[in-house]
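Enquirer: Can you keep this structure in mind? I'll have questions shortly.
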Amino acid sequence: MKIVGLTGGIGSGKTTVAKMFEAEGIPIYIADDRAKYIMDRQDVIDRIQAVFPINVLDALGKLDRRKIREVVFDNKSLLNELNSIVHPEVKKDFLEFVQANQAADFIIKESAILFEKGLDRECDFTILVTAPEEIRIERVKKRDNTTEDSIRQIIANQWDDLKKKSLSDYIIENIDMKLVKECVISIVNDIKLRKNSI
Ligand SMILES: CC(C)(COP(=O)(O)OP(=O)(O)OC[C@H]1O[C@@H](n2cnc3c(N)ncnc32)[C@H](O)[C@@H]1O)[C@@H](O)C(=O)NCCC(=O)NCCS
Ligand SMILES: Nc1ncnc2c1ncn2[C@@H]1O[C@H](COP(=O)(O)OP(=O)(O)OP(=O)(O)O)[C@@H](O)[C@H]1O
């Protein structure tokens, strides 16, 4: 079984593209979604609250992600603290996913920070999803009902596409969905023919 990392900056459309792979029968692991699920666990909530200088809970005692988002992307040390709590848990969770999908030819691991966190070293191949920054910002503004400033703060915590392009095996420009779909189908066929690289 091959592990194929899929990444892209905020709003590039990597989850949208990951779902196209899923439609072709490829198991997909969306690290962001799994991180959210893990962060609803009480033991994880307690560890996060212990390092945050503000109350990060909502009225029901659940983690208020919006509050966290408002502080971490402007505070590198707090983001590192959060990452150091969440990422090892995601790693364990991913290993279980890999075990459960041994029969697949390959699986897709989608993460916004695949290269930033060196996770590409654990992948056989990598796919980068790109789109012009202004388009990405417009997409996220619409999707999350958020401000351009807050999106730009997240972009500042991710590598730029130029750096990621040089490390990627496949690059998908996500503008026209029909072309993207064709690209996904040809990548699926190509990866199936390739041997594991790690
Ligand atoms: C900061 C949090 C609470 C904000 O949650 P919220 O639901 O508002 O936004 P969401 O999770 O959709 O994040 C928005 C976008 O920010 C980017 N992003 C998320 N985490 C990170 C990070 N650690 N570093 C850089 N960019 C990140 C992604 O492009 C992501 O899609 C959340 O992103 C989080 O818990 N991040 C830390 C865990 C993590 O690293 N997850 C990503 C992969 S495991
Ligand atoms: N080719 C496209 N044309 C128009 N809208 C798109 C396209 N691709 C994605 N979108 C929309 O843009 C938004 C962002 O896409 P998506 O959530 O897949 O991005 P992402 O890279 O996973 O973002 P994030 O890093 O925030 O998780 C979504 O609302 C999605 O429906």
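In the structure tokens, the first chain shown is A, the next is B, and so on; residue numbers restart at 1 for each chain, and ligands run from 1 in the order shown.
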Write out as a list in words each polymer residue (protein, DNA or RNA) that has an atom no more than 8 Å from ligand 2, with only C-alpha atoms and all ligand atoms counted.
Expert: Thr7, Gly8, Gly9, Ile10, Gly11, Ser12, Gly13, Lys14, Thr15, Thr16, Val17, Ala18, Asp32, Ala112, Val129, Arg136, Arg139, Val140, Lys142, Arg143, Asn174, Ile175, Asp176, Met177 and Val180 of chain A
Enquirer: Restrict the selected residues to C-alpha atoms and save them as a PDB file, in the first residue's frame.
Expert:
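Wrote it out as again15.pdb, contents follow:
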```pdb
ATOM      1  CA  THR A   7      -1.603  19.290   0.408  1.00  0.00           C
ATOM      2  CA  GLY A   8      -2.202  22.896  -0.553  1.00  0.00           C
ATOM      3  CA  GLY A   9      -2.593  26.252   1.113  1.00  0.00           C
ATOM      4  CA  ILE A  10      -5.784  27.351   2.812  1.00  0.00           C
ATOM      5  CA  GLY A  11      -8.634  27.549   0.295  1.00  0.00           C
ATOM      6  CA  SER A  12      -6.689  25.841  -2.510  1.00  0.00           C
ATOM      7  CA  GLY A  13      -9.409  23.175  -2.589  1.00  0.00           C
ATOM      8  CA  LYS A  14      -7.505  20.197  -1.244  1.00  0.00           C
ATOM      9  CA  THR A  15     -10.537  18.715   0.537  1.00  0.00           C
ATOM     10  CA  THR A  16     -12.592  19.160  -2.641  1.00  0.00           C
ATOM     11  CA  VAL A  17      -9.858  17.376  -4.629  1.00  0.00           C
ATOM     12  CA  ALA A  18      -9.455  14.662  -1.951  1.00  0.00           C
ATOM     13  CA  ASP A  32      -7.964  18.539   9.606  1.00  0.00           C
ATOM     14  CA  ALA A 112      -2.639  21.591   5.112  1.00  0.00           C
ATOM     15  CA  VAL A 129      -3.259  21.584  -5.027  1.00  0.00           C
ATOM     16  CA  ARG A 136      -8.256  31.172  -2.336  1.00  0.00           C
ATOM     17  CA  ARG A 139     -13.310  31.015  -1.431  1.00  0.00           C
ATOM     18  CA  VAL A 140     -12.499  30.954   2.279  1.00  0.00           C
ATOM     19  CA  LYS A 142     -17.346  32.799   1.484  1.00  0.00           C
ATOM     20  CA  ARG A 143     -16.981  29.359   3.116  1.00  0.00           C
ATOM     21  CA  ASN A 174      -7.730  23.782  -9.017  1.00  0.00           C
ATOM     22  CA  ILE A 175      -9.736  26.318 -10.994  1.00  0.00           C
ATOM     23  CA  ASP A 176     -11.902  24.443 -13.483  1.00  0.00           C
ATOM     24  CA  MET A 177     -13.447  21.443 -11.661  1.00  0.00           C
ATOM     25  CA  VAL A 180      -9.336  18.833 -12.091  1.00  0.00           C
TER      26      VAL A 180
END
```
Enquirer: Taking only C-alpha atoms and all ligand atoms into account, list the residues no farther than 7 Å from ligand 1, as a PDB file with N, CA and C atoms, in the first residue's frame.
Expert:
```pdb
ATOM      1  N   GLY A   9      -2.320  25.181   0.156  1.00  0.00           N
ATOM      2  CA  GLY A   9      -2.593  26.252   1.113  1.00  0.00           C
ATOM      3  C   GLY A   9      -4.076  26.378   1.420  1.00  0.00           C
ATOM      4  N   ILE A  10      -4.388  27.146   2.428  1.00  0.00           N
ATOM      5  CA  ILE A  10      -5.784  27.351   2.812  1.00  0.00           C
ATOM      6  C   ILE A  10      -6.595  27.819   1.594  1.00  0.00           C
ATOM      7  N   GLY A  11      -7.736  27.164   1.380  1.00  0.00           N
ATOM      8  CA  GLY A  11      -8.634  27.549   0.295  1.00  0.00           C
ATOM      9  C   GLY A  11      -8.225  27.084  -1.091  1.00  0.00           C
ATOM     10  N   ALA A  31      -6.718  15.029   7.563  1.00  0.00           N
ATOM     11  CA  ALA A  31      -6.101  15.276   8.879  1.00  0.00           C
ATOM     12  C   ALA A  31      -6.818  16.385   9.661  1.00  0.00           C
ATOM     13  N   ASP A  32      -7.247  17.433   8.949  1.00  0.00           N
ATOM     14  CA  ASP A  32      -7.964  18.539   9.606  1.00  0.00           C
ATOM     15  C   ASP A  32      -9.235  18.051  10.307  1.00  0.00           C
ATOM     16  N   ALA A  35      -8.339  15.890  13.226  1.00  0.00           N
ATOM     17  CA  ALA A  35      -7.839  16.731  14.334  1.00  0.00           C
ATOM     18  C   ALA A  35      -9.020  17.318  15.094  1.00  0.00           C
ATOM     19  N   LYS A  36     -10.046  17.760  14.365  1.00  0.00           N
ATOM     20  CA  LYS A  36     -11.225  18.343  15.018  1.00  0.00           C
ATOM     21  C   LYS A  36     -11.911  17.310  15.895  1.00  0.00           C
ATOM     22  N   ARG A  65     -13.341  26.595  18.735  1.00  0.00           N
ATOM     23  CA  ARG A  65     -12.246  26.691  17.761  1.00  0.00           C
ATOM     24  C   ARG A  65     -12.045  28.110  17.242  1.00  0.00           C
ATOM     25  N   ARG A  66     -13.136  28.844  17.164  1.00  0.00           N
ATOM     26  CA  ARG A  66     -13.013  30.214  16.662  1.00  0.00           C
ATOM     27  C   ARG A  66     -12.109  31.042  17.600  1.00  0.00           C
ATOM     28  N   ILE A  68      -9.775  29.914  19.522  1.00  0.00           N
ATOM     29  CA  ILE A  68      -8.387  29.450  19.353  1.00  0.00           C
ATOM     30  C   ILE A  68      -7.796  30.032  18.075  1.00  0.00           C
ATOM     31  N   ARG A  69      -8.586  29.957  17.021  1.00  0.00           N
ATOM     32  CA  ARG A  69      -8.126  30.464  15.716  1.00  0.00           C
ATOM     33  C   ARG A  69      -7.739  31.939  15.823  1.00  0.00           C
ATOM     34  N   VAL A  72      -4.105  31.789  17.841  1.00  0.00           N
ATOM     35  CA  VAL A  72      -2.887  31.023  17.485  1.00  0.00           C
ATOM     36  C   VAL A  72      -2.154  31.489  16.229  1.00  0.00           C
ATOM     37  N   LEU A  79       0.809  28.452  18.780  1.00  0.00           N
ATOM     38  CA  LEU A  79       0.483  27.517  17.687  1.00  0.00           C
ATOM     39  C   LEU A  79       1.343  26.257  17.825  1.00  0.00           C
ATOM     40  N   LEU A  82      -0.061  24.136  20.595  1.00  0.00           N
ATOM     41  CA  LEU A  82      -1.268  23.451  20.143  1.00  0.00           C
ATOM     42  C   LEU A  82      -0.893  22.273  19.235  1.00  0.00           C
ATOM     43  N   ASN A  83       0.021  22.563  18.284  1.00  0.00           N
ATOM     44  CA  ASN A  83       0.470  21.500  17.372  1.00  0.00           C
ATOM     45  C   ASN A  83       1.068  20.332  18.146  1.00  0.00           C
ATOM     46  N   VAL A  86      -1.818  18.269  19.541  1.00  0.00           N
ATOM     47  CA  VAL A  86      -2.733  17.636  18.576  1.00  0.00           C
ATOM     48  C   VAL A  86      -2.013  16.677  17.612  1.00  0.00           C
ATOM     49  N   HIS A  87      -0.842  17.075  17.103  1.00  0.00           N
ATOM     50  CA  HIS A  87      -0.220  16.293  16.034  1.00  0.00           C
ATOM     51  C   HIS A  87       0.146  14.848  16.418  1.00  0.00           C
ATOM     52  N   VAL A  90      -2.971  12.877  16.146  1.00  0.00           N
ATOM     53  CA  VAL A  90      -3.371  12.660  14.747  1.00  0.00           C
ATOM     54  C   VAL A  90      -2.498  11.557  14.142  1.00  0.00           C
ATOM     55  N   SER A 111      -3.372  16.953   4.256  1.00  0.00           N
ATOM     56  CA  SER A 111      -3.002  17.817   5.386  1.00  0.00           C
ATOM     57  C   SER A 111      -2.583  19.178   4.850  1.00  0.00           C
ATOM     58  N   ALA A 112      -3.001  20.231   5.539  1.00  0.00           N
ATOM     59  CA  ALA A 112      -2.639  21.591   5.112  1.00  0.00           C
ATOM     60  C   ALA A 112      -1.143  21.850   5.316  1.00  0.00           C
ATOM     61  N   ILE A 113      -0.548  21.087   6.236  1.00  0.00           N
ATOM     62  CA  ILE A 113       0.836  21.397   6.613  1.00  0.00           C
ATOM     63  C   ILE A 113       1.738  20.168   6.432  1.00  0.00           C
ATOM     64  N   ILE A 154      -3.308  33.120   8.488  1.00  0.00           N
ATOM     65  CA  ILE A 154      -3.102  31.668   8.332  1.00  0.00           C
ATOM     66  C   ILE A 154      -2.096  31.420   7.206  1.00  0.00           C
ATOM     67  N   ASN A 157       1.369  31.440   8.123  1.00  0.00           N
ATOM     68  CA  ASN A 157       1.854  30.288   8.881  1.00  0.00           C
ATOM     69  C   ASN A 157       2.000  29.041   8.009  1.00  0.00           C
ATOM     70  N   GLN A 158       1.869  29.234   6.686  1.00  0.00           N
ATOM     71  CA  GLN A 158       2.036  28.107   5.762  1.00  0.00           C
ATOM     72  C   GLN A 158       3.126  28.478   4.755  1.00  0.00           C
TER      73      GLN A 158
END
```
Enquirer: Run DSSP on the backbone and tell me which residues of region 30-157 of chain A come out as strand (DSSP E); list them as a PyMOL selection string.
Expert: chain A and resi 30+106-110+125-130
Enquirer: Save out the residues we just selected, C-alpha atoms, as an mmCIF file, in the first residue's frame.
Expert:
```
data_model
loop_
_atom_site.group_PDB
_atom_site.id
_atom_site.type_symbol
_atom_site.label_atom_id
_atom_site.label_comp_id
_atom_site.auth_asym_id
_atom_site.auth_seq_id
_atom_site.Cartn_x
_atom_site.Cartn_y
_atom_site.Cartn_z
ATOM 1 C CA ILE A 30 -8.505 14.263 6.084
ATOM 2 C CA PHE A 106 -2.890 3.591 -2.191
ATOM 3 C CA ILE A 107 -4.485 5.976 0.255
ATOM 4 C CA ILE A 108 -4.601 9.765 0.266
ATOM 5 C CA LYS A 109 -3.477 11.662 3.354
ATOM 6 C CA GLU A 110 -4.695 15.250 3.163
ATOM 7 C CA PHE A 125 4.300 10.465 -3.392
ATOM 8 C CA THR A 126 2.956 13.972 -2.884
ATOM 9 C CA ILE A 127 0.283 15.995 -4.635
ATOM 10 C CA LEU A 128 0.031 19.770 -4.372
ATOM 11 C CA VAL A 129 -3.259 21.584 -5.027
ATOM 12 C CA THR A 130 -2.841 25.200 -6.084
#
```
Enquirer: Taking only chain A into account, list the residues labelled helix (DSSP H, G or I) by DSSP (computed from the backbone), as a ChimeraX atom specification.
Expert: /A:14-23,31-38,42-51,65-72,76-100,119-122,133-144,148-155,161-165,177-193
Enquirer: Would you please work out which residue, of A:Leu78, A:Asn101, A:Val71, A:Asp93, is nearest to Val51 (chain A) when using only C-alpha atoms?
Expert: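 Checking each candidate against Val51 (chain A), we get A:Leu78 as the closest.
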